[in-house]
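Student: I have a structure I would like to understand better, so I am pasting it below and will then ask my questions one at a time.
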Amino acid sequence: MENSDDVYLTLSKPAEGEVYKEKGSKFIAYAYPLTSADQVDHLIQLLKKAHHKARHWCYAWQTGVEKPVFRYNDDGEPNNSAGKPIYGQILSFGLSNVLIIVVRYFGGTKLGVGGLIVAYRSAARLALENAELIEKTLTRELHLTFDYAHMDKVMRLIKENDLDILSQKMELNCVFLLSVRKNKMEQVATLFEDLRCVEVKKVN
């Protein structure tokens with residue numbers, strides 16, 4: 001991965017691991033890219049419907065890069081025997097903005113805390129090994145206000161710096177909202193300020 005504090009690793013799409021079996025129990029892990037923690041409950045409920053005969057749906061997730069937020073849940077398994085080892089795999093793979101849910105079908109034989117830790121950790125790893133990992137960059141938003149007469153100057157800088165326009169209002173007084181890579185924000189903002197015909201505001 002690129003060595004930069006505005007680059008992070010996540011999943012490009014959902015992934016499923018092979019079934020991990022231990023003493024009759026079956027563990028199936030599902031990994032999802034997350035844009036918000038608000039998605040977690042919905043994804044868990046979808047798996048509960050798909051695997052309604054399962055006994056446990058244990059999970060771990062992490063969102064945010066600069067200020068990470070994480071949670072893990074044992075869903076009735078012994079304390080720290082499921083959610084924590086699942087979360088450990090998120091850390092081991094160096095991922096952000098990801099959810100892993102491991103579904104367990106109970107096989108009738110108790111595995112003990114040590115056996116559960118190995119099973120949940122192994123199942124989570126199988127899903128991540130099947131996942132397609134991608135690098136993403138942190139971005140900030142830049143708000144520009146300028147007269148339409150200066151449109152050519154503004155558009156030239158946008159194209160030269162390969163910036164994404166999130167929204168635009170083009171009238172006599174134009175307003176653009178741009179997406180700028182975090183580490184390039186100061187440089188890009190200065191370029192627009194140097195035009196001296198653009199009002200520049202960093203949104204976040």
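For the structure tokens, the naming scheme is as follows: chains receive sequential letters (A, B, ...) according to their order of presentation, residues are indexed from 1 within each chain, and ligands are indexed from 1 in presentation order.
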Within 10 Å of range 111-131 of chain A, which residues of range 24-78 of chain A show up? Give each one with its shortest atom-to-atom distance in Å (one decimal) and the two atoms involved, counting only C-alpha atoms, rows by chain then rising residue number, as a Markdown table.
Tutor:
| residue | atom | partner | partner_atom | distance |
| --- | --- | --- | --- | --- |
| A:Gly24 | CA | A:Leu111 | CA | 9.9 |
| A:Ser25 | CA | A:Leu111 | CA | 8.8 |
| A:Lys26 | CA | A:Ala119 | CA | 9.0 |
| A:Phe27 | CA | A:Ala123 | CA | 6.2 |
| A:Ile28 | CA | A:Ala123 | CA | 6.2 |
| A:Ala29 | CA | A:Ala124 | CA | 5.4 |
| A:Tyr30 | CA | A:Ala127 | CA | 6.0 |
| A:Ala31 | CA | A:Ala127 | CA | 6.2 |
| A:Tyr32 | CA | A:Ala131 | CA | 9.1 |
| A:Cys58 | CA | A:Tyr120 | CA | 8.5 |
| A:Tyr59 | CA | A:Ala124 | CA | 9.3 |
| A:Ala60 | CA | A:Ala124 | CA | 9.7 |
| A:Glu77 | CA | A:Leu116 | CA | 8.4 |
| A:Pro78 | CA | A:Val113 | CA | 6.7 |
Student: Using 10 Å as the limit and counting only C-alpha atoms, can you tabulate each residue of range 11-121 of chain A that touches range 138-145 of chain A, with its shortest atom-to-atom distance in Å and the two atoms involved, as JSON lines?
Tutor:
{"residue": "A:Gly64", "atom": "CA", "partner": "A:Leu138", "partner_atom": "CA", "distance": 9.9}
{"residue": "A:Val65", "atom": "CA", "partner": "A:Leu138", "partner_atom": "CA", "distance": 8.2}
{"residue": "A:Glu66", "atom": "CA", "partner": "A:Leu138", "partner_atom": "CA", "distance": 9.1}
Student: So which bits of range 1-203 of chain A end up strand (DSSP E or B) when you DSSP the backbone, as a count of residues only?
Tutor: 75
Student: Can you check which residues of chain A DSSP gives as alpha helix (DSSP H) on the backbone and send them as a PyMOL selection string?
Tutor: chain A and resi 40-50+83-92+112-130+151-160+185-193
Student: Go ahead and write the residues just picked, C-alpha atoms, as a PDB file, in the first residue's frame.
Tutor:
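Result written to part.pdb:
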ATOM      1  CA  VAL A  40     -24.410  -2.729  10.314  1.00  0.00           C
ATOM      2  CA  ASP A  41     -27.832  -3.646  11.747  1.00  0.00           C
ATOM      3  CA  HIS A  42     -29.373  -3.978   8.281  1.00  0.00           C
ATOM      4  CA  LEU A  43     -26.643  -6.357   7.078  1.00  0.00           C
ATOM      5  CA  ILE A  44     -26.903  -8.471  10.237  1.00  0.00           C
ATOM      6  CA  GLN A  45     -30.671  -8.759   9.802  1.00  0.00           C
ATOM      7  CA  LEU A  46     -30.227  -9.861   6.174  1.00  0.00           C
ATOM      8  CA  LEU A  47     -27.906 -12.674   7.290  1.00  0.00           C
ATOM      9  CA  LYS A  48     -30.258 -13.694  10.087  1.00  0.00           C
ATOM     10  CA  LYS A  49     -32.994 -14.161   7.484  1.00  0.00           C
ATOM     11  CA  ALA A  50     -30.674 -16.046   5.122  1.00  0.00           C
ATOM     12  CA  GLY A  83     -16.229 -10.732  18.306  1.00  0.00           C
ATOM     13  CA  LYS A  84     -12.719  -9.926  19.500  1.00  0.00           C
ATOM     14  CA  PRO A  85     -10.935 -12.548  17.361  1.00  0.00           C
ATOM     15  CA  ILE A  86     -13.000 -11.402  14.359  1.00  0.00           C
ATOM     16  CA  TYR A  87     -11.907  -7.824  15.026  1.00  0.00           C
ATOM     17  CA  GLY A  88      -8.331  -9.046  15.319  1.00  0.00           C
ATOM     18  CA  GLN A  89      -8.474 -10.118  11.671  1.00  0.00           C
ATOM     19  CA  ILE A  90      -9.617  -6.641  10.605  1.00  0.00           C
ATOM     20  CA  LEU A  91      -6.525  -5.264  12.338  1.00  0.00           C
ATOM     21  CA  SER A  92      -4.281  -8.018  10.981  1.00  0.00           C
ATOM     22  CA  GLY A 112     -14.580 -24.237  24.732  1.00  0.00           C
ATOM     23  CA  VAL A 113     -13.312 -20.650  24.685  1.00  0.00           C
ATOM     24  CA  GLY A 114     -10.009 -21.579  23.041  1.00  0.00           C
ATOM     25  CA  GLY A 115     -11.718 -23.576  20.303  1.00  0.00           C
ATOM     26  CA  LEU A 116     -14.188 -20.774  19.637  1.00  0.00           C
ATOM     27  CA  ILE A 117     -11.429 -18.185  19.340  1.00  0.00           C
ATOM     28  CA  VAL A 118      -9.629 -20.316  16.753  1.00  0.00           C
ATOM     29  CA  ALA A 119     -12.849 -21.008  14.836  1.00  0.00           C
ATOM     30  CA  TYR A 120     -14.094 -17.417  14.647  1.00  0.00           C
ATOM     31  CA  ARG A 121     -10.633 -16.079  13.828  1.00  0.00           C
ATOM     32  CA  SER A 122     -10.123 -18.689  11.105  1.00  0.00           C
ATOM     33  CA  ALA A 123     -13.549 -18.120   9.550  1.00  0.00           C
ATOM     34  CA  ALA A 124     -13.007 -14.354   9.435  1.00  0.00           C
ATOM     35  CA  ARG A 125      -9.592 -14.837   7.828  1.00  0.00           C
ATOM     36  CA  LEU A 126     -11.087 -17.071   5.118  1.00  0.00           C
ATOM     37  CA  ALA A 127     -13.539 -14.324   4.127  1.00  0.00           C
ATOM     38  CA  LEU A 128     -10.806 -11.675   3.981  1.00  0.00           C
ATOM     39  CA  GLU A 129      -8.539 -13.965   1.974  1.00  0.00           C
ATOM     40  CA  ASN A 130     -11.345 -14.202  -0.599  1.00  0.00           C
ATOM     41  CA  MET A 151     -14.917  30.161 -15.444  1.00  0.00           C
ATOM     42  CA  ASP A 152     -12.072  29.302 -17.837  1.00  0.00           C
ATOM     43  CA  LYS A 153      -9.387  29.960 -15.212  1.00  0.00           C
ATOM     44  CA  VAL A 154     -11.204  27.855 -12.627  1.00  0.00           C
ATOM     45  CA  MET A 155     -11.873  24.967 -15.008  1.00  0.00           C
ATOM     46  CA  ARG A 156      -8.251  24.930 -16.125  1.00  0.00           C
ATOM     47  CA  LEU A 157      -7.057  24.410 -12.546  1.00  0.00           C
ATOM     48  CA  ILE A 158      -9.706  21.737 -11.954  1.00  0.00           C
ATOM     49  CA  LYS A 159      -8.534  19.780 -15.001  1.00  0.00           C
ATOM     50  CA  GLU A 160      -4.803  20.281 -14.332  1.00  0.00           C
ATOM     51  CA  MET A 185      -5.764  20.397   0.135  1.00  0.00           C
ATOM     52  CA  GLU A 186      -3.395  23.213   1.135  1.00  0.00           C
ATOM     53  CA  GLN A 187      -1.652  23.175  -2.232  1.00  0.00           C
ATOM     54  CA  VAL A 188      -4.903  23.163  -4.227  1.00  0.00           C
ATOM     55  CA  ALA A 189      -6.560  25.832  -2.068  1.00  0.00           C
ATOM     56  CA  THR A 190      -3.532  28.094  -2.582  1.00  0.00           C
ATOM     57  CA  LEU A 191      -3.727  27.659  -6.365  1.00  0.00           C
ATOM     58  CA  PHE A 192      -7.312  28.928  -6.395  1.00  0.00           C
ATOM     59  CA  GLU A 193      -6.542  31.717  -3.916  1.00  0.00           C
TER      60      GLU A 193
END
Student: Would you mind reading off the distance between CA of Pro33 in chain A and CA of Val102 in chain A, one decimal, in Å?
Tutor: 15.0 Å
Student: Between A:Asp164, A:Arg104, A:Val7, A:Asp38, which is the closest to His52 in chain A once you count only C-alpha atoms?
Tutor: A:Arg104
Student: What separation in Å, quoted to one decimal, exists between CA of Leu95 in chain A and CA of Gln62 in chain A?
Tutor: 8.2 Å
Student: Give me the residues within 7 Å of Lys23 in chain A as a compact mmCIF listing (two decimals) with N, CA, C and O atoms, in the first residue's frame, counting only C-alpha atoms and dropping any in the same chain fewer than 2 places off.
Tutor:
# COMPACT_ATOMS: atom_id res chain seq x y z
N LYS A 21 -15.21 -25.79 9.60
CA LYS A 21 -15.89 -26.79 10.40
C LYS A 21 -15.04 -27.23 11.59
O LYS A 21 -13.83 -27.38 11.46
N SER A 25 -19.78 -28.18 14.30
CA SER A 25 -20.23 -26.80 14.11
C SER A 25 -19.69 -26.26 12.78
O SER A 25 -18.59 -26.63 12.34
N GLY A 107 -23.04 -27.58 16.24
CA GLY A 107 -23.01 -28.99 15.89
C GLY A 107 -23.26 -29.94 17.04
O GLY A 107 -23.16 -31.15 16.89
N THR A 109 -21.57 -30.10 19.95
CA THR A 109 -20.43 -30.27 20.84
C THR A 109 -19.84 -28.90 21.19
O THR A 109 -19.51 -28.13 20.28
Student: Any idea what the distance is between CA of Met170 in chain A and CA of Asp147 in chain A?
Tutor: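 So the answer is 9.1 Å.
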Student: So, with only C-alpha atoms as the atoms that count, which of A:Leu133, A:Thr35, A:Asp75, A:Val103 lies closest to Lys13 in chain A?
Tutor: A:Leu133
Student: Rank A:Gly94, A:Phe70, A:Lys182, A:Ile100 by their smallest atom-to-atom distance to Glu16 in chain A, using only C-alpha atoms, and report the top residue only.
Tutor: A:Ile100
